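Quick notes on the structure that follows.
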Amino acid sequence: MDDRQTDIKAGAGLEDSRINKEFIDFLNKWSSPVILVFAVAALVWAGLRWMEQQKIDKINSAFGELQAATMGGNPSPASLNALAETYAGVRAVPEIAKLTTTDLYLAAFLRGVQPGSEVSRATGEPVNETDKLDEGQRLAYLDQAGQLAQEVIALSESDDGKALLTMHGLIRAGAVAECKRDFDGAKSYYNRVIALAEKIQMQSLGSFGQSRLDALDLLDPSMVLPSSSDLVALPGEEIPILPELPVIPEGDEDGDAGDAGDTAGEDAATTEEEESASEQPEIDQP
């Protein structure tokens, strides 16, 4: 007889039935919560994927609009400012937009022409006369350039990954300070550029900052202009003779001028009388 038939255990069927019932009760008790947990996890994962895709789409859209705004060589400051506000916090888009606008405002100050205006290539003058800036408008654009440069520095200086943007903001702030004749302020900005360049190993910008410092050191307010005797003529060149400027005598300038005017008037009157007398014909006496 087969051994399997001799191993039959009494009540084995009841035991198997009890185990199946316990498993069914376990499934009935925990299947719904487990399924719910898996469903929630799947929804969270899908939501994260959707948010990540939205973030990527926003980044792509931001850089696409930035590229479109800066193409053509004549970007609009209004469009760039709008981009900086719309995509605030999106990678480096706000900083790049503000830096580009800063350059436009600096160019407007230096050239005396409205940003975005059409300029003749032959003369460099604006096609439309109304695009020319007066002194007040030029200084207003210079102030706006300085403000934008400071905003770029504030946005980027706390992020080591944006150190390059910080350096560009410092360079433009230094340029604004130079235009305002604030040479000490400009030197402080360029010194920060040099220090940051050494930190991130950006030698090109560090060299630029040093070159600007060297140029500022040459701007000595006490420097005296050379006289004609100090000039050395180049081969084939003649040094022009400069006219001597009149020297005002010391003393009361108004009084001296008045006395000189009276003396000149008297001399002129005497000369006229002499000429009149000489022109009269001689009359023979009887």
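Residues are referred to by chain and number: the chain letter is A, B, ... according to the order shown in the structure tokens, the number counts from 1 in that chain, and ligands are numbered separately from 1 in the order shown.
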Check: Which neighbours of stretch 123-135 of chain A fall inside 10 Å, counting only C-alpha atoms, when residues of the same chain fewer than 5 positions from it are skipped, and could you give them as JSON, numbers by chain?
Finding: {"A": [108, 109, 111, 112, 113, 114, 115, 116, 117, 118, 140, 141]}
Check: Between atom CA of A:Phe208 and atom CA of A:Ala186, what is the spacing in Å?
Finding: 13.1 Å
Set the distance at 12 Å and use only C-alpha atoms: which residues neighbour A:Glu198 once local chain neighbours fewer than 5 positions away are removed? I'd like the list as a PDB file with N, CA and C atoms, in the first residue's frame.
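Saved file part-v8.pdb follows:
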```pdb
ATOM      1  N   ALA A 163      27.239  82.802  -8.389  1.00  0.00           N
ATOM      2  CA  ALA A 163      28.350  83.733  -8.134  1.00  0.00           C
ATOM      3  C   ALA A 163      28.732  84.505  -9.386  1.00  0.00           C
ATOM      4  N   LEU A 164      28.636  83.856 -10.548  1.00  0.00           N
ATOM      5  CA  LEU A 164      28.982  84.540 -11.796  1.00  0.00           C
ATOM      6  C   LEU A 164      28.030  85.702 -12.063  1.00  0.00           C
ATOM      7  N   MET A 167      28.974  88.616  -9.861  1.00  0.00           N
ATOM      8  CA  MET A 167      30.119  89.355 -10.376  1.00  0.00           C
ATOM      9  C   MET A 167      29.703  90.310 -11.491  1.00  0.00           C
ATOM     10  N   ASN A 191      36.888  95.591  -6.211  1.00  0.00           N
ATOM     11  CA  ASN A 191      37.591  94.749  -5.252  1.00  0.00           C
ATOM     12  C   ASN A 191      36.765  93.517  -4.890  1.00  0.00           C
ATOM     13  N   ARG A 192      35.456  93.685  -4.798  1.00  0.00           N
ATOM     14  CA  ARG A 192      34.589  92.528  -4.535  1.00  0.00           C
ATOM     15  C   ARG A 192      34.596  91.566  -5.722  1.00  0.00           C
ATOM     16  N   VAL A 193      34.677  92.109  -6.919  1.00  0.00           N
ATOM     17  CA  VAL A 193      34.765  91.247  -8.104  1.00  0.00           C
ATOM     18  C   VAL A 193      36.040  90.407  -8.060  1.00  0.00           C
ATOM     19  N   GLN A 203      39.251  83.648 -13.523  1.00  0.00           N
ATOM     20  CA  GLN A 203      40.348  84.580 -13.688  1.00  0.00           C
ATOM     21  C   GLN A 203      40.048  85.705 -14.671  1.00  0.00           C
ATOM     22  N   SER A 204      39.236  85.432 -15.675  1.00  0.00           N
ATOM     23  CA  SER A 204      38.968  86.462 -16.687  1.00  0.00           C
ATOM     24  C   SER A 204      38.272  87.672 -16.076  1.00  0.00           C
ATOM     25  N   LEU A 205      37.247  87.426 -15.259  1.00  0.00           N
ATOM     26  CA  LEU A 205      36.551  88.543 -14.627  1.00  0.00           C
ATOM     27  C   LEU A 205      37.409  89.191 -13.548  1.00  0.00           C
ATOM     28  N   GLY A 206      38.250  88.392 -12.890  1.00  0.00           N
ATOM     29  CA  GLY A 206      39.165  88.978 -11.924  1.00  0.00           C
ATOM     30  C   GLY A 206      40.152  89.917 -12.589  1.00  0.00           C
ATOM     31  N   SER A 207      40.642  89.544 -13.763  1.00  0.00           N
ATOM     32  CA  SER A 207      41.560  90.409 -14.511  1.00  0.00           C
ATOM     33  C   SER A 207      40.860  91.684 -14.963  1.00  0.00           C
ATOM     34  N   GLY A 209      38.345  93.164 -13.390  1.00  0.00           N
ATOM     35  CA  GLY A 209      38.220  94.021 -12.217  1.00  0.00           C
ATOM     36  C   GLY A 209      39.527  94.714 -11.873  1.00  0.00           C
ATOM     37  N   GLN A 210      40.650  94.002 -12.005  1.00  0.00           N
ATOM     38  CA  GLN A 210      41.949  94.602 -11.719  1.00  0.00           C
ATOM     39  C   GLN A 210      42.292  95.686 -12.736  1.00  0.00           C
TER      40      GLN A 210
END
```
Checklist line | DSSP-assigned strand (DSSP E or B) among stretch 2-205 of chain A, expressed as JSON, numbers by chain | finding: {"A": [113, 119, 126, 132]}
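The space separating atom CA of A:Asn74 from atom CA of A:Leu165 comes to 21.9 Å.
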Notebook entry, point to check: stretch 150-159 of chain A: which residues within 10 Å, counting only C-alpha atoms, same-chain residues fewer than 3 positions away excluded, as a ChimeraX atom specification?
Noted result: /A:88-89,92,94-99,102,144-147,162-170,172-173
Any chance you could export the current selection's C-alpha atoms as a tab-separated table (two decimals), in the first residue's frame?
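New file out-v6.tsv:
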```tsv
chain	number	residue	atom	x	y	z
A	88	ALA	CA	10.78	85.43	-10.51
A	89	GLY	CA	12.66	82.54	-8.91
A	92	ALA	CA	18.68	82.66	-13.56
A	94	PRO	CA	15.27	87.26	-13.59
A	95	GLU	CA	18.95	88.07	-13.10
A	96	ILE	CA	19.76	87.77	-16.81
A	97	ALA	CA	16.77	89.94	-17.75
A	98	LYS	CA	17.79	92.60	-15.23
A	99	LEU	CA	21.43	92.55	-16.36
A	102	THR	CA	20.99	97.46	-17.00
A	144	GLN	CA	17.75	103.01	-12.92
A	145	ALA	CA	20.81	101.09	-14.12
A	146	GLY	CA	22.36	101.33	-10.67
A	147	GLN	CA	19.15	100.15	-9.01
A	162	LYS	CA	24.96	82.24	-8.99
A	163	ALA	CA	28.35	83.73	-8.13
A	164	LEU	CA	28.98	84.54	-11.80
A	165	LEU	CA	25.78	86.58	-11.93
A	166	THR	CA	26.83	88.38	-8.75
A	167	MET	CA	30.12	89.36	-10.38
A	168	HIS	CA	28.34	90.74	-13.43
A	169	GLY	CA	26.07	92.76	-11.15
A	170	LEU	CA	29.09	94.14	-9.28
A	172	ARG	CA	27.77	97.05	-13.69
A	173	ALA	CA	27.38	98.71	-10.30
```
Checklist line | Those of stretch 94-173 of chain A in DSSP alpha helix (DSSP H), formatted as a ChimeraX atom specification | finding: /A:94-111,135-156,163-173
Notebook entry, point to check: Leaving out A:Ala78 and any residue of its chain fewer than 2 positions from it, which residues lie within 12 Å of it when counting only C-alpha atoms, given as a ChimeraX atom specification?
Noted result: /A:69-70,75-76,80-85,97-98,100-102,104-105,115-116
Item checked: Computed interatomic separation between atom CA of A:Gly64 and atom CA of A:Ser79 (Å) -> 13.3 Å
Next item on the list: Can you work out which one of A:Ala122, A:Leu106, A:Tyr190, A:Ser31 has the shortest atom-to-atom distance to A:Ala215, counting only C-alpha atoms?
Entry: A:Tyr190
